[in-house]
$ cat data.txt   # compact mmCIF, C-alpha atoms and all ligand atoms
# COMPACT_ATOMS: atom_id res chain seq x y z
CA MET A 1 -2.02 -17.65 12.27
CA ASP A 2 -0.45 -16.92 8.91
CA PHE A 3 -3.20 -16.02 6.49
CA SER A 4 -1.01 -16.03 3.43
CA ALA A 5 -2.08 -17.61 0.18
CA THR A 6 -2.67 -21.04 1.76
CA TYR A 7 -6.31 -20.17 2.51
CA GLY A 8 -9.16 -19.74 0.07
CA PHE A 9 -10.70 -16.38 -0.79
CA ASP A 10 -13.80 -16.87 1.40
CA THR A 11 -11.60 -17.56 4.42
CA LEU A 12 -9.22 -14.69 3.71
CA GLN A 13 -12.01 -12.12 3.24
CA ILE A 14 -13.06 -12.79 6.86
CA HIS A 15 -9.73 -13.44 8.58
CA ALA A 16 -6.80 -11.82 6.75
CA GLY A 17 -5.14 -9.11 8.85
CA SER A 18 -7.31 -9.59 11.95
CA ARG A 19 -6.90 -11.48 15.20
CA PRO A 20 -8.64 -11.28 18.56
CA ASP A 21 -7.72 -8.01 20.28
CA PRO A 22 -4.75 -8.89 22.54
CA ALA A 23 -5.93 -6.58 25.35
CA THR A 24 -9.61 -7.60 25.57
CA GLY A 25 -10.13 -10.71 23.45
CA ALA A 26 -12.68 -8.83 21.34
CA ARG A 27 -13.19 -11.02 18.26
CA GLN A 28 -14.34 -8.35 15.83
CA THR A 29 -11.73 -5.72 14.90
CA PRO A 30 -12.23 -2.76 17.27
CA ILE A 31 -12.67 0.78 15.96
CA PHE A 32 -9.54 2.53 17.21
CA GLN A 33 -11.06 6.00 17.22
CA ASN A 34 -7.77 7.35 18.41
CA THR A 35 -5.18 9.88 17.28
CA ALA A 36 -1.86 9.22 19.07
CA TYR A 37 -0.07 6.25 20.71
CA VAL A 38 1.95 6.37 23.93
CA PHE A 39 5.67 5.69 23.45
CA LYS A 40 7.26 3.13 25.80
CA ASP A 41 10.17 5.52 26.38
CA ALA A 42 12.24 8.14 24.56
CA ASP A 43 14.35 5.50 22.74
CA HIS A 44 11.20 3.78 21.47
CA ALA A 45 9.89 7.12 20.20
CA ALA A 46 13.18 7.87 18.43
CA ALA A 47 13.26 4.42 16.80
CA LEU A 48 9.71 4.84 15.52
CA PHE A 49 10.43 8.29 14.09
CA ASN A 50 13.61 6.97 12.40
CA LEU A 51 11.63 4.08 10.82
CA GLN A 52 13.97 1.67 12.65
CA GLU A 53 11.01 0.06 14.37
CA VAL A 54 7.49 -0.46 13.05
CA GLY A 55 4.72 0.82 15.30
CA TYR A 56 2.03 3.38 15.79
CA ILE A 57 2.82 7.08 16.21
CA TYR A 58 -0.09 9.13 14.94
CA SER A 59 -3.20 8.06 13.01
CA ARG A 60 -2.44 10.20 9.96
CA LEU A 61 0.31 7.63 9.24
CA THR A 62 -0.98 4.39 10.80
CA ASN A 63 -3.92 3.22 12.90
CA PRO A 64 -4.67 -0.34 14.13
CA THR A 65 -8.15 -0.57 12.54
CA ILE A 66 -6.86 0.76 9.25
CA ALA A 67 -3.87 -1.61 9.43
CA VAL A 68 -6.28 -4.58 9.40
CA LEU A 69 -8.05 -3.20 6.33
CA GLN A 70 -4.73 -2.64 4.55
CA GLU A 71 -3.52 -6.15 5.26
CA ARG A 72 -6.83 -7.70 4.28
CA VAL A 73 -7.08 -5.93 0.92
CA ALA A 74 -3.38 -6.56 0.19
CA THR A 75 -3.84 -10.28 0.94
CA LEU A 76 -6.98 -10.56 -1.22
CA GLU A 77 -5.13 -8.84 -4.09
CA ALA A 78 -2.05 -11.11 -3.68
CA GLY A 79 0.09 -8.08 -2.80
CA VAL A 80 2.67 -7.53 -0.05
CA GLY A 81 1.31 -4.33 1.51
CA GLY A 82 -1.38 -1.69 1.34
CA VAL A 83 -2.01 1.95 2.14
CA ALA A 84 -5.59 3.02 2.90
CA CYS A 85 -6.71 6.51 1.90
CA SER A 86 -9.69 8.79 2.40
CA SER A 87 -11.15 7.97 -1.05
CA GLY A 88 -10.41 6.22 -4.31
CA HIS A 89 -9.27 9.47 -5.87
CA ALA A 90 -6.91 10.06 -2.94
CA ALA A 91 -5.54 6.54 -3.52
CA GLN A 92 -4.78 7.41 -7.15
CA ILE A 93 -2.76 10.49 -6.14
CA LEU A 94 -1.02 8.58 -3.35
CA ALA A 95 -0.18 5.72 -5.74
CA LEU A 96 1.47 8.07 -8.24
CA PHE A 97 3.16 10.33 -5.68
CA PRO A 98 6.31 8.19 -5.05
CA LEU A 99 6.77 7.70 -8.80
CA MET A 100 6.38 11.21 -10.17
CA SER A 101 8.35 14.45 -10.35
CA PRO A 102 7.35 17.65 -12.17
CA GLY A 103 7.69 17.07 -15.94
CA ASP A 104 6.97 13.32 -15.68
CA ASN A 105 4.07 11.64 -17.44
CA ILE A 106 1.76 8.65 -17.19
CA VAL A 107 0.31 6.69 -20.10
CA VAL A 108 -3.39 6.23 -19.41
CA SER A 109 -6.27 4.31 -20.98
CA THR A 110 -9.03 6.45 -22.48
CA ARG A 111 -11.55 4.02 -20.93
CA LEU A 112 -11.75 5.22 -17.35
CA TYR A 113 -14.13 6.36 -14.63
CA GLY A 114 -15.13 9.95 -15.54
CA GLY A 115 -13.66 11.43 -12.38
CA SER A 116 -10.32 9.78 -13.14
CA VAL A 117 -10.29 11.30 -16.63
CA THR A 118 -10.84 14.73 -15.07
CA GLN A 119 -8.23 14.15 -12.35
CA PHE A 120 -5.64 13.04 -14.90
CA THR A 121 -6.53 15.61 -17.59
CA HIS A 122 -6.61 18.72 -15.43
CA THR A 123 -5.76 18.39 -11.77
CA ILE A 124 -2.47 16.48 -11.84
CA GLY A 125 -1.15 19.10 -14.26
CA ARG A 126 -1.02 21.44 -11.26
CA PHE A 127 1.73 19.17 -9.87
CA GLY A 128 3.56 19.32 -13.21
CA TRP A 129 2.47 15.74 -14.05
CA LYS A 130 1.12 14.98 -17.53
CA SER A 131 -1.21 12.28 -18.86
CA ARG A 132 -1.05 10.73 -22.29
CA PHE A 133 -4.43 9.18 -23.08
CA VAL A 134 -4.23 6.20 -25.40
CA ASP A 135 -6.63 3.55 -26.74
CA PHE A 136 -5.44 0.46 -24.85
CA GLU A 137 -6.66 -1.80 -27.66
CA ASP A 138 -3.81 -0.35 -29.75
CA LEU A 139 -0.68 -1.78 -28.14
CA ASP A 140 1.66 0.07 -30.52
CA SER A 141 0.21 3.40 -29.51
CA ILE A 142 0.90 2.54 -25.85
CA ARG A 143 4.53 1.73 -26.72
CA ASN A 144 4.84 4.92 -28.78
CA ALA A 145 3.46 7.09 -25.97
CA ILE A 146 6.12 5.88 -23.51
CA ASP A 147 9.32 7.92 -23.18
CA ASP A 148 12.02 8.26 -20.54
CA ARG A 149 9.80 10.57 -18.45
CA THR A 150 6.96 8.00 -18.33
CA LYS A 151 6.60 6.74 -14.76
CA ALA A 152 3.45 4.61 -14.89
CA ILE A 153 0.91 2.93 -17.14
CA PHE A 154 -2.63 3.28 -15.75
CA CYS A 155 -5.83 1.42 -16.65
CA GLU A 156 -8.91 -0.19 -15.13
CA SER A 157 -9.48 -3.96 -15.17
CA VAL A 158 -13.22 -4.07 -15.94
CA CYS A 159 -14.06 -0.59 -17.14
CA ASN A 160 -16.39 1.91 -15.75
CA PRO A 161 -18.76 2.50 -17.50
CA GLY A 162 -18.43 1.05 -21.01
CA GLY A 163 -18.26 -2.73 -20.48
CA TYR A 164 -14.67 -2.75 -21.70
CA VAL A 165 -12.33 -5.43 -20.39
CA THR A 166 -8.59 -4.72 -20.47
CA ASP A 167 -6.14 -7.29 -21.81
CA LEU A 168 -4.08 -7.13 -18.61
CA GLU A 169 -1.40 -9.59 -19.73
CA ALA A 170 -0.65 -7.70 -22.94
CA ILE A 171 -0.39 -4.37 -21.09
CA ALA A 172 1.75 -5.92 -18.33
CA GLU A 173 4.14 -7.23 -20.97
CA ILE A 174 4.66 -3.68 -22.24
CA SER A 175 5.20 -2.34 -18.73
CA ASP A 176 7.78 -5.10 -18.08
CA MET A 177 9.62 -4.43 -21.34
CA CYS A 178 9.81 -0.71 -20.56
CA GLY A 179 10.63 -1.05 -16.84
CA ILE A 180 7.56 0.97 -15.83
CA PRO A 181 5.00 -0.03 -13.18
CA LEU A 182 1.51 -0.98 -14.33
CA VAL A 183 -1.15 0.55 -12.07
CA VAL A 184 -4.58 -1.09 -12.30
CA ASP A 185 -7.77 0.38 -10.85
CA ASN A 186 -9.55 -2.82 -9.78
CA THR A 187 -12.60 -1.11 -8.24
CA SER A 188 -15.24 -2.50 -10.60
CA ALA A 189 -13.95 -6.09 -10.65
CA THR A 190 -12.86 -6.45 -7.00
CA PRO A 191 -10.20 -9.07 -6.13
CA TYR A 192 -12.95 -11.71 -6.05
CA LEU A 193 -13.47 -11.46 -9.82
CA CYS A 194 -9.93 -10.53 -10.84
CA ARG A 195 -6.48 -10.24 -9.27
CA PRO A 196 -4.46 -8.12 -11.71
CA ILE A 197 -1.19 -8.83 -9.88
CA GLU A 198 -1.50 -12.45 -11.06
CA PHE A 199 -1.50 -11.12 -14.63
CA GLY A 200 1.54 -8.90 -14.10
CA ALA A 201 0.23 -5.64 -12.58
CA THR A 202 2.62 -3.81 -10.25
CA LEU A 203 0.23 -1.68 -8.20
CA ILE A 204 -3.51 -1.85 -7.54
CA VAL A 205 -5.74 1.07 -6.62
CA HIS A 206 -9.25 0.73 -5.21
CA SER A 207 -12.15 2.93 -4.47
CA SER A 208 -13.30 0.92 -1.44
CA THR A 209 -16.31 3.25 -1.47
CA LYS A 210 -17.84 0.79 -3.93
CA TYR A 211 -18.04 -3.03 -3.71
CA LEU A 212 -15.52 -3.48 -0.89
CA SER A 213 -17.61 -1.54 1.63
CA GLY A 214 -20.60 -2.55 -0.45
CA ASN A 215 -23.56 -0.72 1.05
CA GLY A 216 -22.94 2.83 -0.09
CA THR A 217 -21.92 4.13 3.33
CA SER A 218 -18.20 4.87 3.50
CA MET A 219 -15.68 6.71 1.37
CA GLY A 220 -12.28 5.08 1.13
CA GLY A 221 -9.46 3.96 -1.10
CA VAL A 222 -6.59 1.49 -0.93
CA VAL A 223 -3.27 1.21 -2.78
CA VAL A 224 -1.75 -2.30 -2.93
CA ASP A 225 1.82 -3.10 -3.98
CA SER A 226 2.75 -6.44 -5.59
CA GLY A 227 6.25 -6.05 -4.08
CA ARG A 228 7.75 -7.23 -7.35
CA PHE A 229 9.05 -4.05 -8.95
CA ASP A 230 12.78 -3.28 -8.87
CA TRP A 231 12.69 0.42 -8.00
CA SER A 232 16.52 0.56 -8.03
CA ALA A 233 17.00 -0.90 -11.53
CA ASP A 234 17.82 2.59 -12.85
CA ASP A 235 17.41 6.24 -11.81
CA ARG A 236 13.79 6.45 -12.90
CA PHE A 237 12.28 6.39 -9.38
CA PRO A 238 14.54 8.55 -7.19
CA SER A 239 12.01 8.85 -4.32
CA LEU A 240 12.32 5.10 -3.75
CA SER A 241 15.94 4.48 -4.80
CA GLN A 242 17.78 7.67 -3.74
CA PRO A 243 18.42 9.13 -0.26
CA GLU A 244 15.27 10.64 1.30
CA PRO A 245 16.16 14.03 2.82
CA ALA A 246 13.22 13.96 5.27
CA TYR A 247 14.58 10.71 6.82
CA HIS A 248 18.29 11.58 7.13
CA GLY A 249 19.19 10.19 3.71
CA LEU A 250 17.48 6.80 4.13
CA LYS A 251 17.06 4.89 0.86
CA PHE A 252 13.62 3.26 0.91
CA HIS A 253 14.21 0.45 -1.56
CA GLU A 254 17.65 -0.50 -0.25
CA THR A 255 16.42 -0.45 3.37
CA PHE A 256 12.94 -1.99 3.11
CA GLY A 257 13.11 -4.18 -0.03
CA GLU A 258 9.69 -5.35 -1.19
CA LEU A 259 7.97 -3.17 1.44
CA ALA A 260 9.66 0.04 0.21
CA TYR A 261 6.72 1.37 -1.78
CA THR A 262 4.17 0.62 0.97
CA LEU A 263 6.29 2.16 3.73
CA HIS A 264 6.95 5.23 1.57
CA GLY A 265 3.16 5.54 1.18
CA HIS A 266 2.79 5.77 4.96
CA ALA A 267 5.99 7.51 6.02
CA VAL A 268 6.04 10.15 3.27
CA GLY A 269 2.74 9.97 1.36
CA LEU A 270 0.19 9.90 4.19
CA ARG A 271 2.47 11.85 6.51
CA ASP A 272 2.74 14.82 4.15
CA LEU A 273 -0.34 14.63 1.91
CA GLY A 274 -2.57 13.71 4.85
CA MET A 275 -5.32 11.81 2.99
CA CYS A 276 -5.75 9.17 5.72
CA GLN A 277 -8.90 7.08 6.07
CA ALA A 278 -11.22 7.43 9.08
CA PRO A 279 -11.10 4.40 11.45
CA LEU A 280 -14.91 4.07 11.37
CA ASN A 281 -14.85 3.86 7.56
CA ALA A 282 -12.15 1.19 7.74
CA PHE A 283 -14.30 -0.79 10.23
CA ILE A 284 -17.39 -0.57 8.00
CA THR A 285 -15.33 -1.53 4.95
CA LEU A 286 -13.96 -4.56 6.82
CA LEU A 287 -17.54 -5.65 7.57
CA GLY A 288 -18.34 -5.29 3.89
CA ILE A 289 -15.34 -7.32 2.77
CA GLU A 290 -16.42 -10.24 5.00
CA THR A 291 -19.28 -10.89 2.54
CA LEU A 292 -17.58 -9.73 -0.67
CA SER A 293 -17.64 -13.08 -2.49
CA LEU A 294 -21.31 -13.72 -1.63
CA ARG A 295 -22.36 -10.30 -2.84
CA MET A 296 -20.27 -10.43 -6.02
CA GLU A 297 -21.77 -13.82 -6.97
CA LYS A 298 -25.26 -12.32 -6.68
CA HIS A 299 -24.28 -9.03 -8.36
CA VAL A 300 -22.89 -11.00 -11.32
CA SER A 301 -25.84 -13.39 -11.66
CA ASN A 302 -28.34 -10.50 -11.45
CA ALA A 303 -26.34 -8.49 -13.99
CA CYS A 304 -26.34 -11.44 -16.42
CA THR A 305 -30.11 -11.90 -16.05
CA VAL A 306 -30.92 -8.22 -16.48
CA ALA A 307 -28.45 -7.68 -19.36
CA GLU A 308 -29.87 -10.65 -21.28
CA TRP A 309 -33.42 -9.34 -20.82
CA LEU A 310 -32.41 -5.85 -22.01
CA GLU A 311 -30.55 -7.26 -25.03
CA ASN A 312 -33.76 -8.93 -26.20
CA ASP A 313 -35.95 -5.83 -25.76
CA SER A 314 -36.74 -3.83 -28.92
CA ARG A 315 -36.68 -0.51 -27.03
CA VAL A 316 -33.00 -1.09 -26.25
CA LYS A 317 -30.46 -0.45 -29.02
CA SER A 318 -27.46 -2.15 -27.46
CA VAL A 319 -26.10 -3.50 -24.17
CA THR A 320 -22.38 -3.33 -23.34
CA TYR A 321 -22.23 -5.94 -20.57
CA ALA A 322 -18.99 -7.87 -21.00
CA GLY A 323 -20.65 -10.91 -19.43
CA LEU A 324 -22.97 -11.38 -22.45
CA ALA A 325 -22.09 -14.13 -24.93
CA SER A 326 -22.40 -11.44 -27.65
CA SER A 327 -19.76 -9.18 -26.07
CA PRO A 328 -16.64 -8.58 -28.18
CA TYR A 329 -14.72 -9.24 -24.95
CA ALA A 330 -16.33 -12.61 -24.15
CA GLU A 331 -13.04 -14.50 -24.68
CA ARG A 332 -11.10 -12.05 -22.55
CA VAL A 333 -13.68 -12.41 -19.77
CA LYS A 334 -13.07 -16.17 -19.75
CA GLN A 335 -9.32 -15.59 -19.48
CA PHE A 336 -9.18 -12.85 -16.83
CA TYR A 337 -12.60 -12.87 -15.13
CA PRO A 338 -13.80 -16.49 -15.07
CA LYS A 339 -16.22 -15.76 -12.18
CA GLY A 340 -17.93 -12.97 -14.11
CA ALA A 341 -17.50 -9.51 -15.58
CA GLY A 342 -18.92 -7.50 -12.69
CA ALA A 343 -22.31 -5.84 -12.46
CA LEU A 344 -21.77 -2.53 -14.16
CA PHE A 345 -22.80 -1.84 -17.73
CA THR A 346 -24.43 0.62 -20.06
CA PHE A 347 -27.26 0.25 -22.51
CA ALA A 348 -28.39 2.51 -25.33
CA VAL A 349 -32.05 3.48 -25.48
CA GLU A 350 -34.15 4.15 -28.61
CA GLY A 351 -34.99 7.85 -28.46
CA GLY A 352 -31.57 9.08 -27.38
CA TYR A 353 -30.77 11.70 -24.73
CA ASP A 354 -34.41 12.63 -23.93
CA ALA A 355 -35.52 9.01 -23.57
CA CYS A 356 -32.59 8.34 -21.24
CA ILE A 357 -33.60 11.24 -18.99
CA LYS A 358 -37.21 9.99 -18.93
CA LEU A 359 -36.08 6.45 -18.18
CA VAL A 360 -33.95 7.55 -15.25
CA ASP A 361 -36.80 9.64 -13.83
CA SER A 362 -39.32 6.76 -14.20
CA LEU A 363 -37.40 3.99 -12.42
CA ARG A 364 -38.66 3.11 -8.92
CA ILE A 365 -36.28 0.51 -7.50
CA PHE A 366 -33.18 1.84 -9.25
CA SER A 367 -31.84 4.95 -7.51
CA HIS A 368 -30.58 7.82 -9.64
CA VAL A 369 -27.19 8.48 -8.03
CA ALA A 370 -23.56 9.09 -8.93
CA ASN A 371 -22.32 5.88 -7.36
CA LEU A 372 -21.83 2.21 -8.09
CA GLY A 373 -21.14 -1.02 -6.25
CA ASP A 374 -24.02 -0.71 -3.77
CA THR A 375 -26.32 -3.56 -2.66
CA ARG A 376 -29.06 -1.38 -4.23
CA SER A 377 -29.43 -1.10 -7.98
CA LEU A 378 -28.32 2.29 -9.25
CA VAL A 379 -28.72 4.15 -12.50
CA ILE A 380 -27.17 7.26 -13.99
CA HIS A 381 -27.16 9.07 -17.30
CA SER A 382 -23.40 9.56 -17.55
CA ALA A 383 -23.40 12.16 -20.36
CA SER A 384 -25.45 14.64 -18.31
CA THR A 385 -23.72 13.90 -14.97
CA THR A 386 -20.44 12.05 -14.23
CA HIS A 387 -19.06 12.51 -17.76
CA ARG A 388 -20.53 16.00 -18.27
CA GLN A 389 -17.12 17.73 -18.05
CA LEU A 390 -15.72 15.59 -20.87
CA THR A 391 -15.66 16.47 -24.56
CA PRO A 392 -18.05 14.49 -26.84
CA GLU A 393 -15.00 12.52 -28.08
CA GLN A 394 -13.95 11.70 -24.51
CA GLN A 395 -17.55 10.71 -23.66
CA ALA A 396 -17.73 8.33 -26.61
CA ALA A 397 -14.29 6.86 -25.84
CA ALA A 398 -15.34 6.27 -22.23
CA GLY A 399 -18.57 4.56 -23.33
CA ALA A 400 -20.74 7.41 -22.07
CA ALA A 401 -22.44 8.63 -25.25
CA PRO A 402 -25.63 10.75 -24.84
CA ASP A 403 -28.04 7.88 -25.69
CA VAL A 404 -26.59 5.58 -23.02
CA VAL A 405 -27.48 4.99 -19.36
CA ARG A 406 -25.25 3.19 -16.89
CA VAL A 407 -26.59 0.73 -14.38
CA SER A 408 -24.95 -0.81 -11.33
CA ILE A 409 -26.96 -3.94 -10.72
CA GLY A 410 -27.66 -4.63 -7.04
CA ILE A 411 -28.52 -7.80 -5.20
CA GLU A 412 -32.31 -7.43 -5.16
CA ASP A 413 -34.68 -9.97 -6.73
CA PRO A 414 -33.83 -9.91 -10.46
CA ASP A 415 -37.51 -10.24 -11.49
CA ASP A 416 -38.28 -7.00 -9.66
CA LEU A 417 -35.40 -5.22 -11.40
CA ILE A 418 -36.64 -6.37 -14.80
CA ALA A 419 -40.22 -5.32 -14.04
CA ASP A 420 -38.95 -1.89 -12.99
CA LEU A 421 -36.93 -1.47 -16.19
CA ASP A 422 -39.90 -2.66 -18.24
CA GLN A 423 -42.29 -0.04 -16.86
CA ALA A 424 -39.70 2.75 -17.12
CA LEU A 425 -38.81 1.85 -20.72
CA ALA A 426 -42.53 1.93 -21.56
CA LYS A 427 -42.65 5.55 -20.37
CA ALA A 428 -39.30 6.56 -21.91
CA VAL A 429 -39.85 5.05 -25.36
CA ALA A 430 -43.50 5.91 -25.91
C1 LIG B 1 -15.58 5.69 -7.70
C2 LIG B 1 -14.38 5.34 -8.48
C3 LIG B 1 -13.18 6.03 -8.31
C4 LIG B 1 -13.03 7.18 -7.34
O1 LIG B 1 -13.23 6.73 -6.04
P1 LIG B 1 -13.82 7.67 -4.85
O2 LIG B 1 -13.84 6.75 -3.69
O3 LIG B 1 -15.17 8.14 -5.30
O4 LIG B 1 -12.85 8.80 -4.71
C5 LIG B 1 -12.09 5.63 -9.06
N1 LIG B 1 -12.18 4.62 -9.95
C6 LIG B 1 -13.32 3.94 -10.13
C7 LIG B 1 -13.35 2.81 -11.11
C8 LIG B 1 -14.45 4.27 -9.41
O5 LIG B 1 -15.59 3.60 -9.60
$ encode --input "data.txt" --output "structure tokens"
Amino acid sequence: MDFSATYGFDTLQIHAGSRPDPATGARQTPIFQNTAYVFKDADHAAALFNLQEVGYIYSRLTNPTIAVLQERVATLEAGVGGVACSSGHAAQILALFPLMSPGDNIVVSTRLYGGSVTQFTHTIGRFGWKSRFVDFEDLDSIRNAIDDRTKAIFCESVCNPGGYVTDLEAIAEISDMCGIPLVVDNTSATPYLCRPIEFGATLIVHSSTKYLSGNGTSMGGVVVDSGRFDWSADDRFPSLSQPEPAYHGLKFHETFGELAYTLHGHAVGLRDLGMCQAPLNAFITLLGIETLSLRMEKHVSNACTVAEWLENDSRVKSVTYAGLASSPYAERVKQFYPKGAGALFTFAVEGGYDACIKLVDSLRIFSHVANLGDTRSLVIHSASTTHRQLTPEQQAAAGAAPDVVRVSIGIEDPDDLIADLDQALAKAVA
């Protein structure tokens, strides 16, 4: 069966990439807890190693359970191929790896997951890569930050944690004009709420640790390629357009066309960086994805109910949920996220830093954890935890000021969530 775009999302989230196991008929995707694959003969082995034939060699590069996950996420994102990684952060490095050389830079939104700010501010500098952080509301400053060593534009769709919603079309127009891929972290929206490729994104990165697996059990990441970028248009992306010394001078783009970026991710990225996903995690993530649309509907409706209640409470100074009618991004939500703006937002509490700490410690149903996208409702005080390493300016830009807590609204009974917030606010704002 061809599960291309002819089927609806609810069908694809269950079927894309999978088929009954040809050896046993097993209907659910088996966990191939396996390292290496027997070659048919020496010629077969040589063809696989030369990338002349597609097949399994060693699970650092490819694994049948992980292949189903990759195809499913790529299909849901309207891409042509995917590479699964050990975590979302691994996916970000793997996504940039084919694009970057020492001395190159990326132009990055200031509104990002705290860990991504740290990764891009400090860690990628060790590879000789630089980040230029820019306010993505200011399109001129994005254009001005781009030079001939810029190899990617990077942003999130729905932002973590500040309730910011990126104008994907406007950013994609800049990336098109400049001949640079647009990389979108679509973790917080998921492909059910938004498919950035349809608005012009080139590459998608996911932390599948969050909504895709959905229950807070399994680390993972996925990179998806739209297949639309012309890597050979100029000399900007030599890893994809020029001869690859580790494969006898093979040119990835010339040889593999729209699959060049994905195959490079496996044949060079995973092979040499080694950040492959565990088959069990891929299996659990596939189970999660089967119910993605059902969960996201409930996450969104609960988030709307809770955000509206908080907005009308005098102990709460402000609520950043983009799904509120009062949000400055309400129009943009209609355009890019018609099914809802996710379930992640912050609110500011009267009483500042100390009240936030007391609130977090007083909640009973909400768990105080550094995570999001779980069936359970989660809370964190970003300024004292995930965004602690950032400067006060970076915290404010990321929507993680000291008087703000972030919630990831789960799929419990919304009345119970409101009652829990009510009693904790009573203690926090005495
Ligand atoms: C969690 C997260 C990441 C990092 O993913 P890990 O799986 O924790 O490595 C990146 N971006 C966003 C938006 C996230 O929420």
$ residues_near_ligand --input "data.txt" --ligand "ligand LIG 1 (chain B)" --cutoff "8 Å" --atoms "only C-alpha atoms and all ligand atoms" --output "list of chain:residue names"
A:Ser86, A:Ser87, A:Gly88, A:His89, A:Ala90, A:Ala91, A:Gln92, A:Leu112, A:Tyr113, A:Gly115, A:Ser116, A:Glu156, A:Cys159, A:Asn160, A:Asp185, A:Asn186, A:Thr187, A:Ser188, A:His206, A:Ser207, A:Ser208, A:Thr209, A:Lys210, A:Met219, A:Gly220, A:Gly221, A:Asn371, A:Leu372, A:Gly373
$ atom_distance --input "data.txt" --atom1 "atom CA of A:Leu240" --atom2 "atom CA of A:Val73"
22.8 Å
$ closest_residue --input "data.txt" --among "A:Ile380, A:Ala47, A:Val224, A:Cys178" --to "A:Leu263" --atoms "all atoms listed in the file"
A:Val224
$ atom_distance --input "data.txt" --atom1 "atom CA of A:Thr11" --atom2 "atom CA of A:Leu61"
28.3 Å
$ closest_atom_pairs --input "data.txt" --of "stretch 348-408 of chain A" --to "stretch 298-306 of chain A" --cutoff "10 Å" --atoms "all atoms listed in the file" --output "Markdown table"
| residue | atom | partner | partner_atom | distance |
| --- | --- | --- | --- | --- |
| A:Gly373 | CA | A:His299 | CA | 8.9 |
| A:Asp374 | CA | A:His299 | CA | 9.5 |
| A:Thr375 | CA | A:His299 | CA | 8.2 |
| A:Arg376 | CA | A:His299 | CA | 9.9 |
| A:Ser377 | CA | A:His299 | CA | 9.5 |
| A:Val407 | CA | A:Ala303 | CA | 9.2 |
| A:Ser408 | CA | A:Ala303 | CA | 8.2 |
$ closest_residue --input "data.txt" --among "A:Thr190, A:Thr217, A:Thr291, A:Gln52" --to "A:Leu76" --atoms "all atoms listed in the file"
A:Thr190
$ residues_near_point --input "data.txt" --point "(-13.3, -0.2, 14.2)" --cutoff "10 Å" --atoms "all atoms listed in the file" --output "PyMOL selection string"
chain A and resi 28-33+64-66+68-69+278-287
$ write_last_selection --input "data.txt" --atoms "C-alpha atoms" --output "compact mmCIF listing (two decimals), in the frame of the given file"
# COMPACT_ATOMS: atom_id res chain seq x y z
CA GLN A 28 -14.34 -8.35 15.83
CA THR A 29 -11.73 -5.72 14.90
CA PRO A 30 -12.23 -2.76 17.27
CA ILE A 31 -12.67 0.78 15.96
CA PHE A 32 -9.54 2.53 17.21
CA GLN A 33 -11.06 6.00 17.22
CA PRO A 64 -4.67 -0.34 14.13
CA THR A 65 -8.15 -0.57 12.54
CA ILE A 66 -6.86 0.76 9.25
CA VAL A 68 -6.28 -4.58 9.40
CA LEU A 69 -8.05 -3.20 6.33
CA ALA A 278 -11.22 7.43 9.08
CA PRO A 279 -11.10 4.40 11.45
CA LEU A 280 -14.91 4.07 11.37
CA ASN A 281 -14.85 3.86 7.56
CA ALA A 282 -12.15 1.19 7.74
CA PHE A 283 -14.30 -0.79 10.23
CA ILE A 284 -17.39 -0.57 8.00
CA THR A 285 -15.33 -1.53 4.95
CA LEU A 286 -13.96 -4.56 6.82
CA LEU A 287 -17.54 -5.65 7.57
$ closest_residue --input "data.txt" --among "A:Thr110, A:Ser239, A:Thr62, A:Ser213" --to "A:Val134" --atoms "all atoms listed in the file"
A:Thr110
$ closest_atom_pairs --input "data.txt" --of "stretch 130-247 of chain A" --to "stretch 410-423 of chain A" --cutoff "12 Å" --atoms "all atoms listed in the file" --output "Markdown table"
| residue | atom | partner | partner_atom | distance |
| --- | --- | --- | --- | --- |
| A:Lys210 | CA | A:Gly410 | CA | 11.6 |
| A:Tyr211 | CA | A:Gly410 | CA | 10.3 |
| A:Gly214 | CA | A:Gly410 | CA | 9.9 |
| A:Asn215 | CA | A:Gly410 | CA | 9.9 |
| A:Gly216 | CA | A:Gly410 | CA | 11.2 |
$ residues_around --input "data.txt" --residues "stretch 334-342 of chain A" --least-positions-apart "4" --cutoff "7 Å" --atoms "only C-alpha atoms" --output "PyMOL selection string"
chain A and resi 158+188-189+193-194+300+322-323+330
$ residues_near_point --input "data.txt" --point "(1.7, -2.5, -6.7)" --cutoff "10 Å" --atoms "all atoms listed in the file" --output "compact mmCIF listing (two decimals) with C-alpha atoms, in the coordinates of the input"
# COMPACT_ATOMS: atom_id res chain seq x y z
CA ALA A 74 -3.38 -6.56 0.19
CA GLU A 77 -5.13 -8.84 -4.09
CA ALA A 78 -2.05 -11.11 -3.68
CA GLY A 79 0.09 -8.08 -2.80
CA VAL A 80 2.67 -7.53 -0.05
CA GLY A 81 1.31 -4.33 1.51
CA GLY A 82 -1.38 -1.69 1.34
CA ALA A 95 -0.18 5.72 -5.74
CA PRO A 181 5.00 -0.03 -13.18
CA LEU A 182 1.51 -0.98 -14.33
CA VAL A 183 -1.15 0.55 -12.07
CA VAL A 184 -4.58 -1.09 -12.30
CA PRO A 196 -4.46 -8.12 -11.71
CA ILE A 197 -1.19 -8.83 -9.88
CA GLY A 200 1.54 -8.90 -14.10
CA ALA A 201 0.23 -5.64 -12.58
CA THR A 202 2.62 -3.81 -10.25
CA LEU A 203 0.23 -1.68 -8.20
CA ILE A 204 -3.51 -1.85 -7.54
CA VAL A 205 -5.74 1.07 -6.62
CA VAL A 223 -3.27 1.21 -2.78
CA VAL A 224 -1.75 -2.30 -2.93
CA ASP A 225 1.82 -3.10 -3.98
CA SER A 226 2.75 -6.44 -5.59
CA GLY A 227 6.25 -6.05 -4.08
CA ARG A 228 7.75 -7.23 -7.35
CA PHE A 229 9.05 -4.05 -8.95
CA TYR A 261 6.72 1.37 -1.78
CA THR A 262 4.17 0.62 0.97
